[in-house]
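Asks: Next up, structure01.txt (compact mmCIF, C-alpha atoms).
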# COMPACT_ATOMS: atom_id res chain seq x y z
CA MET A 209 0.00 0.00 0.00
CA HIS A 210 1.28 3.47 -0.85
CA SER A 211 1.72 6.04 1.90
CA ILE A 212 0.27 9.42 0.94
CA PHE A 213 1.15 12.78 2.44
CA LEU A 214 0.91 16.43 1.44
CA ILE A 215 4.05 18.01 0.00
CA LYS A 216 2.61 21.40 -0.93
CA ASN A 217 -0.24 23.54 0.25
CA ILE A 218 -3.72 22.65 -0.94
CA LYS A 219 -3.70 25.43 -3.53
CA ASP A 220 -1.34 23.31 -5.60
CA ASN A 221 -3.69 20.29 -5.50
CA ILE A 222 -0.73 17.93 -5.36
CA LEU A 223 -0.16 14.82 -3.28
CA VAL A 224 2.94 12.68 -3.38
CA THR A 225 3.04 8.93 -2.82
CA SER A 226 6.12 6.77 -2.51
CA GLU A 227 6.32 3.26 -3.92
CA PRO A 228 7.09 0.83 -1.09
CA LYS A 229 9.70 -1.15 -3.05
CA SER A 230 11.63 1.47 -5.00
CA GLY A 231 10.88 4.47 -2.81
CA LYS A 232 10.20 6.43 -5.99
CA GLU A 233 7.96 9.45 -5.47
CA ILE A 234 4.86 9.86 -7.65
CA CYS A 235 2.86 13.09 -7.83
CA ILE A 236 -0.93 12.70 -7.82
CA MET A 237 -3.49 15.38 -8.59
CA THR A 238 -6.22 15.68 -5.98
CA SER A 239 -9.33 17.83 -5.55
CA HIS A 240 -10.64 20.15 -2.87
CA TYR A 241 -14.30 19.57 -1.92
CA LEU A 242 -16.65 21.73 0.12
CA VAL A 243 -19.35 19.67 1.84
CA VAL A 244 -22.13 21.59 3.58
CA GLY A 245 -23.72 19.23 6.10
CA GLY A 246 -20.86 16.75 5.98
CA THR A 247 -20.84 15.56 9.58
CA GLY A 248 -24.31 14.01 9.55
CA MET A 249 -26.09 12.35 6.66
CA LEU A 250 -23.19 13.00 4.27
CA SER A 251 -20.42 11.65 6.51
CA GLY A 252 -20.19 8.54 4.33
CA VAL A 253 -19.55 10.75 1.31
CA VAL A 254 -16.79 12.59 3.18
CA LYS A 255 -15.16 9.28 4.12
CA GLU A 256 -15.13 8.14 0.49
CA LEU A 257 -13.69 11.45 -0.75
CA ILE A 258 -10.90 11.30 1.83
CA LYS A 259 -10.27 7.65 0.97
CA ARG A 260 -9.60 8.72 -2.63
CA GLY A 261 -6.98 11.20 -1.46
CA ASN A 262 -9.02 14.39 -1.73
CA VAL A 263 -9.06 17.38 0.59
CA VAL A 264 -12.45 18.08 2.19
CA SER A 265 -13.70 21.20 3.96
CA ILE A 266 -16.90 20.73 5.96
CA VAL A 267 -19.43 23.36 7.04
CA SER A 268 -21.46 22.32 10.08
CA ARG A 269 -22.73 23.83 13.30
CA GLY A 270 -21.31 21.33 15.79
CA ASP A 271 -17.74 20.41 16.61
CA GLU A 272 -18.43 17.05 18.30
CA LYS A 273 -19.47 15.19 15.14
CA PHE A 274 -16.45 16.59 13.31
CA ARG A 275 -14.13 15.33 16.05
CA LYS A 276 -15.67 11.88 15.63
CA LEU A 277 -14.95 12.03 11.90
CA ILE A 278 -11.33 12.92 12.63
CA GLU A 279 -11.08 9.95 14.99
CA VAL A 280 -12.39 7.60 12.30
CA LEU A 281 -10.49 8.99 9.32
CA GLY A 282 -7.26 9.94 11.04
CA THR A 283 -6.35 12.41 8.31
CA LYS A 284 -5.02 15.92 8.03
CA ASN A 285 -6.87 16.49 4.76
CA LEU A 286 -10.09 17.35 6.59
CA HIS A 287 -11.02 20.92 7.54
CA HIS A 288 -13.93 22.29 9.54
CA LEU A 289 -15.79 25.58 9.28
CA SER A 290 -17.97 25.72 12.36
CA CYS A 291 -20.89 28.02 11.61
CA ASP A 292 -24.64 28.17 11.15
CA TYR A 293 -25.21 28.25 7.39
CA HIS A 294 -28.49 30.12 7.93
CA ASP A 295 -26.30 33.12 8.82
CA ILE A 296 -25.43 33.82 5.19
CA GLU A 297 -23.14 36.79 5.80
CA ASN A 298 -21.07 34.90 8.36
CA LEU A 299 -20.90 31.89 6.03
CA LYS A 300 -19.61 34.09 3.23
CA ILE A 301 -16.92 35.58 5.49
CA GLN A 302 -15.79 32.15 6.67
CA LEU A 303 -15.61 30.74 3.15
CA LYS A 304 -13.71 33.80 1.95
CA ASN A 305 -11.13 33.54 4.74
CA HIS A 306 -10.83 29.78 4.32
CA THR A 307 -10.29 29.86 0.56
CA GLU A 308 -7.80 32.71 0.83
CA ASN A 309 -5.68 30.41 2.97
CA ILE A 310 -5.96 27.11 1.11
CA GLY A 311 -7.51 27.88 -2.27
CA PHE A 312 -10.92 27.65 -3.93
CA PHE A 313 -13.00 24.49 -3.92
CA ASP A 314 -12.91 22.37 -7.05
CA PHE A 315 -16.34 20.96 -6.23
CA SER A 316 -19.08 21.78 -3.71
CA LEU A 317 -21.80 19.55 -2.26
CA CYS A 318 -24.67 21.25 -0.45
CA TRP A 319 -27.33 19.62 1.71
CA VAL A 320 -29.21 22.56 3.20
CA HIS A 321 -32.59 22.90 4.87
CA GLU A 322 -35.02 25.66 4.01
CA PRO A 323 -35.23 28.61 4.04
CA SER A 324 -31.51 29.03 3.26
CA GLU A 325 -31.18 26.38 0.57
CA MET A 326 -30.69 28.52 -2.54
CA ASN A 327 -28.82 31.27 -0.66
CA VAL A 328 -26.18 28.83 0.60
CA CYS A 329 -25.72 27.37 -2.88
CA SER A 330 -25.32 30.85 -4.35
CA VAL A 331 -22.63 31.66 -1.79
CA ALA A 332 -20.84 28.34 -2.31
CA VAL A 333 -20.49 28.84 -6.06
CA GLU A 334 -18.63 32.11 -5.46
CA PHE A 335 -15.75 30.01 -4.11
CA THR A 336 -16.09 26.99 -6.43
CA LYS A 337 -14.16 26.41 -9.65
CA ASN A 338 -15.94 23.52 -11.36
CA SER A 339 -19.21 21.98 -10.16
CA LEU A 340 -21.83 22.42 -7.46
CA TRP A 341 -23.84 19.37 -6.44
CA HIS A 342 -27.15 20.36 -4.86
CA ILE A 343 -28.69 17.60 -2.74
CA VAL A 344 -32.44 18.05 -2.33
CA GLY A 345 -35.45 16.23 -0.92
CA SER A 346 -37.98 14.27 -2.94
CA SER A 347 -40.41 17.21 -3.08
CA LEU A 348 -38.48 18.58 -6.06
CA ALA A 349 -39.77 15.59 -8.05
CA ASP A 350 -43.42 16.39 -7.28
CA PRO A 351 -45.25 15.64 -10.57
CA SER A 352 -47.71 18.47 -9.87
CA LYS A 353 -44.78 20.93 -10.05
CA PRO A 354 -42.79 19.75 -13.09
CA GLU A 355 -41.12 23.14 -13.50
CA GLY A 356 -39.19 22.85 -10.22
CA ILE A 357 -36.04 21.24 -11.62
CA SER A 358 -35.95 23.25 -14.85
CA HIS A 359 -36.28 26.54 -12.93
CA ARG A 360 -33.24 25.70 -10.79
CA LEU A 361 -31.17 24.64 -13.77
CA SER A 362 -32.09 27.83 -15.63
CA PHE A 363 -31.31 30.00 -12.61
CA PHE A 364 -27.80 28.63 -12.17
CA ARG A 365 -26.99 28.57 -15.87
CA LYS A 366 -28.00 32.22 -16.13
CA ASN A 367 -26.34 33.49 -12.95
CA HIS A 368 -23.33 31.15 -12.77
CA PRO A 369 -22.53 30.14 -16.37
CA ASN A 370 -19.02 28.94 -15.51
CA ILE A 371 -20.21 26.45 -12.89
CA GLU A 372 -21.71 23.05 -13.67
CA TYR A 373 -24.87 22.70 -11.57
CA ARG A 374 -25.89 19.16 -10.62
CA VAL A 375 -29.00 18.04 -8.72
CA ILE A 376 -29.23 14.92 -6.57
CA ILE A 377 -32.80 14.12 -5.51
CA LEU A 378 -33.25 11.91 -2.45
CA GLY A 379 -36.18 9.66 -3.25
CA PHE A 380 -37.59 6.70 -1.36
CA VAL A 381 -37.48 2.91 -1.41
CA ILE A 382 -40.46 0.69 -2.24
CA ASP A 383 -40.54 -2.37 0.00
CA SER A 384 -40.81 -5.44 -2.25
CA ARG A 385 -41.49 -7.65 0.76
CA LEU A 386 -44.93 -6.08 1.16
CA ASN A 387 -46.27 -6.53 -2.38
CA PHE A 388 -44.73 -3.24 -3.48
CA ASN A 389 -47.40 -1.19 -1.71
CA LYS A 390 -45.25 0.12 1.14
CA SER A 391 -42.28 2.45 1.08
CA ARG A 392 -39.68 4.02 3.34
CA TRP A 393 -37.17 6.84 3.23
CA LEU A 394 -33.57 6.15 2.25
CA SER A 395 -31.08 5.23 4.95
CA ASN A 396 -27.95 7.36 5.44
CA LEU A 397 -25.87 4.54 3.96
CA GLU A 398 -28.06 4.36 0.86
CA ILE A 399 -27.84 8.14 0.49
CA SER A 400 -24.04 8.17 0.80
CA ASP A 401 -23.64 5.27 -1.63
CA GLY A 402 -25.98 6.93 -4.11
CA ILE A 403 -24.17 10.27 -3.93
CA ASN A 404 -20.80 8.58 -4.42
CA VAL A 405 -22.15 6.93 -7.59
CA ALA A 406 -23.62 10.24 -8.78
CA LEU A 407 -20.26 11.98 -8.35
CA LYS A 408 -18.62 9.36 -10.54
CA ASN A 409 -21.30 9.46 -13.25
CA ASP A 410 -21.46 13.29 -13.37
CA ILE A 411 -25.06 13.50 -14.64
CA THR A 412 -27.06 16.74 -14.39
CA VAL A 413 -30.10 15.29 -12.57
CA ASN A 414 -29.72 12.23 -10.35
CA ILE A 415 -32.36 10.37 -8.35
CA ILE A 416 -31.35 8.09 -5.50
CA GLY A 417 -34.01 5.46 -4.94
CA THR A 418 -37.22 6.31 -6.78
CA THR A 419 -39.87 9.01 -6.90
CA VAL A 420 -42.54 6.97 -8.70
CA PRO A 421 -45.25 6.22 -8.14
CA TRP A 422 -45.61 9.49 -6.24
CA SER A 423 -48.60 8.06 -4.37
CA LEU A 424 -46.22 5.71 -2.51
CA ARG A 425 -44.06 8.53 -1.20
CA PRO A 426 -43.83 8.01 2.60
CA GLY A 427 -46.32 10.17 4.42
CA PHE A 428 -48.14 11.06 1.20
How would this structure read if it were set down as structure tokens?

Replies:
Amino acid sequence: MHSIFLIKNIKDNILVTSEPKSGKEICIMTSHYLVVGGTGMLSGVVKELIKRGNVVSIVSRGDEKFRKLIEVLGTKNLHHLSCDYHDIENLKIQLKNHTENIGFFDFSLCWVHEPSEMNVCSVAVEFTKNSLWHIVGSSLADPSKPEGISHRLSFFRKNHPNIEYRVIILGFVIDSRLNFNKSRWLSNLEISDGINVALKNDITVNIIGTTVPWSLRPGF
């Protein structure tokens, strides 16, 4: 197994690994990810990103869950911005200071509750170079409001033409053990696995689980 460690600051996006037999150093390009909400439901995504050698900066309100992530991952490539993302001005200041020190984010993932959802995404793209992945609830797939997705895509393409905007919709699971007439929400593991697949596939609109038939949506 190769041992990986940082040889330059994150702005350079370079890792170096040494081959165990020859000791030869190999430079590897890595990416810097912003994950809003990365200590809870998205912690599995953070773990996979770190496993691949990326640098991850997390925005969350609590420090305890972040400390637990550090204990599990044991890495220095994990950074924490402790703030309430509903305070948009403070979030903007923290992201500005953070990126001035270690560089812009290559990619951003945002899981944000209303009413700050679109505001947080708009702030995140100011400090993002490539793509923003917006993780949303199943309500965006409501068949009675078919314009929901297209409006978001149009908004970001118009206001942030240099950023690729991706949507990941968290659907539900139909329980085949009960004659396909019962459903449940996705587990955190299913969500993390689905997001990891979506990041690899790089498709504009992704649905984890299903959103049809809408009548089987839990609590509908």

Asks: So which one's closest to Ala349 in chain A, A:Cys329, A:Val413, A:Leu242, A:Leu286? Using all atoms listed in the file, please.

Replies: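 Closest to Ala349 in chain A, using all atoms listed in the file: A:Val413.
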
Asks: Considering all atoms listed in the file, state which residue in the set A:Arg275, A:Val333, A:Gly270, A:Arg392 is at the smallest distance from Arg365 in chain A.

Replies: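 So, comparing all the options, the nearest one is A:Val333.
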
Asks: CA of Asn414 in chain A and CA of Ile376 in chain A, how far apart in Å?

Replies: 4.7 Å

Asks: Record the distance separating CA of Gln302 in chain A and CA of Ser239 in chain A, expressed in Å with one decimal.

Replies: 19.9 Å

Asks: Write out as a ChimeraX atom specification each polymer residue whose atoms come within 12 Å of Ile278 in chain A, counting all atoms listed in the file; drop sequence neighbours fewer than 2 positions from it.

Replies: /A:247,251,254-255,258,264,266,271-276,280-288

Asks: Smallest atom-to-atom distance to Asp410 in chain A: which of A:Arg360, A:Arg374, A:His321, A:Lys366, using only C-alpha atoms?

Replies: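 Selected residue with least distance to Asp410 in chain A: A:Arg374.
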
Asks: For Asn370 in chain A, list every protein, DNA or RNA residue within 12 Å, evaluated using all atoms listed in the file, and leave out those in the same chain fewer than 6 positions away; present the list as a list of chain:residue names.

Replies: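 Near neighbours after the sequence-gap exclusion: A:Val333, A:Glu334, A:Phe335, A:Thr336, A:Lys337, A:Asn338, A:Ser339, A:Leu340, A:Phe364.
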
Asks: Distance CA of Val344 in chain A-CA of Pro369 in chain A, one decimal place?

Replies: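 CA of Pro369 in chain A lies 21.0 Å from CA of Val344 in chain A.
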
Asks: Complete the atoms of range 276-289 of chain A to N, CA and C atoms and put them out as a compact mmCIF listing (two decimals), in the frame of the given file.

Replies:
# COMPACT_ATOMS: atom_id res chain seq x y z
N LYS A 276 -15.48 13.31 15.83
CA LYS A 276 -15.67 11.88 15.63
C LYS A 276 -15.20 11.46 14.24
N LEU A 277 -15.43 12.32 13.24
CA LEU A 277 -14.95 12.03 11.90
C LEU A 277 -13.42 11.97 11.87
N ILE A 278 -12.79 12.90 12.56
CA ILE A 278 -11.33 12.92 12.63
C ILE A 278 -10.82 11.63 13.27
N GLU A 279 -11.50 11.18 14.31
CA GLU A 279 -11.08 9.95 14.99
C GLU A 279 -11.17 8.75 14.05
N VAL A 280 -12.20 8.72 13.22
CA VAL A 280 -12.39 7.60 12.30
C VAL A 280 -11.43 7.66 11.13
N LEU A 281 -11.27 8.86 10.54
CA LEU A 281 -10.49 8.99 9.32
C LEU A 281 -9.00 9.15 9.59
N GLY A 282 -8.66 9.77 10.71
CA GLY A 282 -7.26 9.94 11.04
C GLY A 282 -6.47 10.63 9.95
N THR A 283 -7.00 11.74 9.43
CA THR A 283 -6.35 12.41 8.31
C THR A 283 -6.20 13.90 8.57
N LYS A 284 -5.22 14.48 7.94
CA LYS A 284 -5.02 15.92 8.03
C LYS A 284 -5.65 16.64 6.84
N ASN A 285 -6.27 15.90 5.96
CA ASN A 285 -6.87 16.49 4.76
C ASN A 285 -8.33 16.87 4.97
N LEU A 286 -8.71 17.04 6.23
CA LEU A 286 -10.09 17.35 6.59
C LEU A 286 -10.11 18.66 7.36
N HIS A 287 -10.94 19.60 6.91
CA HIS A 287 -11.02 20.92 7.54
C HIS A 287 -12.46 21.21 7.95
N HIS A 288 -12.60 22.01 9.00
CA HIS A 288 -13.93 22.29 9.54
C HIS A 288 -14.18 23.78 9.64
N LEU A 289 -15.32 24.22 9.10
CA LEU A 289 -15.79 25.58 9.28
C LEU A 289 -17.03 25.50 10.15
